[in-house]
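Asks: Below is a structure I'd like to ask you about.
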Amino acid sequence: MALPPRRKSSDAPRELKPRKAVVKPTDDDTPARSRKSSHTPRGLSFFQEMVEDGSVLVKILGGAGAGAVMAVIARAKMSKRGGDVSLINSPAALAVFILAAAAIGAVLGGLFAARDTVHQRLAARRSVPLPLKLLFAYGAVSYLLWAPIAIIVIIAILFMVF
C-alpha cells in the first residue's frame with residue numbers, strides 16, 4: 001500500500017490577507033479615496049459649502065448695500081451739520097468714499113456668513129478648519145484674537161491714507 005504524497009511546506013494553505021475595501025465614487029464625480037478628511041459627506045470643503053449656500057451671497061451683497069447707504073447718510077449729515085466735507089467734495093471722491101464703504105460692508109457681510117457657517121457645521125458635528133474655529137467659535141478667546149487683527153488693519157489703512 002502506497003502512502004499519500006507528502007505535502008511540501010509551500011503547498012500548505014495560506015492565510016488570506018484582508019482585502020481592501022472598494023471605494024465607489026460618489027455622485028459628485030470626485031473619487032471618495034481622494035477626499036481629505038475635512039470634507040463633508042457630499043465631498044465639499046468648508047469654503048465650497050459656504051459658497052453654495054445662497055444666503056452667503058445675500059449677506060455679502062446686503063453688507064455692501066448697507067455700507068453704501070451708511071456712507072451716503074454720513075456724507076449728508078456731515079454737510080447738514082456744517083462739518084468738514086472738503087475731502088469728499090468732488091463727485092469722484094464721493095464715489096470712492098461710497099465704494100470703499102460698500103467694500104468694507106461686503107467684507108463684514110462675508111465675515112458674518114463665515115461665522116454662521118462655522119456655527120452650523122459645529123452644530124452638525126462636521127469638521128471646521130482650526131483658524132476659523134479660533135476666530136468664530138470660542139467666544140471671549142475669539143474676541144481676544146480679533147483685537148490685534150483689527151488694530152493691524154486700522155494701522156494699515158492709516159498708512160495707506162496718510
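Letters A, B, ... go to the chains of the C-alpha cells in the order shown; residues in each chain start at 1; ligands are counted from 1 in the same order.
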Write out as number ranges by chain the set of residues from region 30-117 of chain A that DSSP, computed on the backbone, places in helix (DSSP H, G or I).
Replies: A: 32-34, 46-52, 54-80, 86-88, 91-117
Asks: Please, could you write that set of residues out with C-alpha atoms as a JSON list (two decimals), in the first residue's frame?
Replies:
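Final output, saved to out19.json:
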```json
[["chain", "number", "residue", "atom", "x", "y", "z"],
["A", 32, "ALA", "CA", -14.05, 59.21, -2.31],
["A", 33, "ARG", "CA", -10.49, 57.98, -1.70],
["A", 34, "SER", "CA", -9.05, 61.29, -2.93],
["A", 46, "PHE", "CA", -15.82, 74.28, 4.06],
["A", 47, "PHE", "CA", -15.44, 77.09, 1.55],
["A", 48, "GLN", "CA", -17.26, 75.25, -1.26],
["A", 49, "GLU", "CA", -20.16, 74.61, 1.10],
["A", 50, "MET", "CA", -20.15, 78.24, 2.17],
["A", 51, "VAL", "CA", -20.28, 79.46, -1.43],
["A", 52, "GLU", "CA", -23.04, 77.01, -2.37],
["A", 54, "GLY", "CA", -27.41, 81.03, -1.17],
["A", 55, "SER", "CA", -27.64, 83.09, 1.98],
["A", 56, "VAL", "CA", -23.91, 83.87, 1.85],
["A", 57, "LEU", "CA", -24.30, 85.94, -1.31],
["A", 58, "VAL", "CA", -27.28, 87.72, 0.20],
["A", 59, "LYS", "CA", -25.25, 88.58, 3.32],
["A", 60, "ILE", "CA", -22.31, 89.89, 1.28],
["A", 61, "LEU", "CA", -24.49, 91.96, -1.03],
["A", 62, "GLY", "CA", -26.57, 93.17, 1.91],
["A", 63, "GLY", "CA", -23.41, 94.26, 3.73],
["A", 64, "ALA", "CA", -22.20, 96.11, 0.64],
["A", 65, "GLY", "CA", -25.55, 97.84, 0.21],
["A", 66, "ALA", "CA", -25.74, 98.78, 3.88],
["A", 67, "GLY", "CA", -22.20, 100.17, 3.75],
["A", 68, "ALA", "CA", -23.02, 102.31, 0.72],
["A", 69, "VAL", "CA", -26.24, 103.61, 2.28],
["A", 70, "MET", "CA", -24.43, 104.44, 5.52],
["A", 71, "ALA", "CA", -21.76, 106.35, 3.57],
["A", 72, "VAL", "CA", -24.40, 108.44, 1.80],
["A", 73, "ILE", "CA", -26.20, 109.15, 5.08],
["A", 74, "ALA", "CA", -22.93, 110.05, 6.83],
["A", 75, "ARG", "CA", -21.98, 112.44, 3.99],
["A", 76, "ALA", "CA", -25.41, 114.09, 4.12],
["A", 77, "LYS", "CA", -25.24, 114.51, 7.90],
["A", 78, "MET", "CA", -21.73, 115.97, 7.69],
["A", 79, "SER", "CA", -22.77, 118.60, 5.15],
["A", 80, "LYS", "CA", -26.01, 119.38, 7.03],
["A", 86, "SER", "CA", -13.63, 119.14, 1.82],
["A", 87, "LEU", "CA", -12.09, 115.68, 1.36],
["A", 88, "ILE", "CA", -15.22, 114.29, -0.27],
["A", 91, "PRO", "CA", -18.10, 113.60, -7.31],
["A", 92, "ALA", "CA", -15.11, 111.31, -7.88],
["A", 93, "ALA", "CA", -14.07, 111.48, -4.23],
["A", 94, "LEU", "CA", -17.67, 110.87, -3.16],
["A", 95, "ALA", "CA", -17.81, 107.80, -5.44],
["A", 96, "VAL", "CA", -14.57, 106.45, -3.96],
["A", 97, "PHE", "CA", -15.94, 107.08, -0.43],
["A", 98, "ILE", "CA", -19.16, 105.19, -1.22],
["A", 99, "LEU", "CA", -17.32, 102.31, -2.94],
["A", 100, "ALA", "CA", -14.90, 101.99, 0.00],
["A", 101, "ALA", "CA", -17.81, 101.86, 2.43],
["A", 102, "ALA", "CA", -19.52, 99.25, 0.24],
["A", 103, "ALA", "CA", -16.33, 97.14, 0.15],
["A", 104, "ILE", "CA", -15.99, 97.30, 3.93],
["A", 105, "GLY", "CA", -19.66, 96.31, 4.27],
["A", 106, "ALA", "CA", -19.16, 93.38, 1.88],
["A", 107, "VAL", "CA", -16.19, 92.13, 3.91],
["A", 108, "LEU", "CA", -18.22, 92.37, 7.12],
["A", 109, "GLY", "CA", -21.11, 90.52, 5.44],
["A", 110, "GLY", "CA", -18.70, 87.77, 4.39],
["A", 111, "LEU", "CA", -17.38, 87.50, 7.93],
["A", 112, "PHE", "CA", -20.92, 87.15, 9.28],
["A", 113, "ALA", "CA", -21.62, 84.45, 6.70],
["A", 114, "ALA", "CA", -18.44, 82.60, 7.69],
["A", 115, "ARG", "CA", -19.43, 82.82, 11.34],
["A", 116, "ASP", "CA", -22.87, 81.38, 10.60],
["A", 117, "THR", "CA", -21.36, 78.55, 8.53]]
```
Asks: Tell me, in Å to one decimal, how far CA of Gly139 (chain A) is from CA of Gln120 (chain A).
Replies: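 Separating CA of Gly139 (chain A) from CA of Gln120 (chain A) is a distance of 15.4 Å.
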Asks: At what distance in Å, to one decimal, does CA of Ser142 (chain A) lie from CA of Arg125 (chain A)?
Replies: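 Going from CA of Arg125 (chain A) over to CA of Ser142 (chain A) covers 19.6 Å.
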Asks: Excluding His119 (chain A) and its own-chain neighbours fewer than 6 positions away, which residues fall within 9 Å of it when counting only C-alpha atoms? Please give them as a ChimeraX atom specification.
Replies: /A:133,136-137
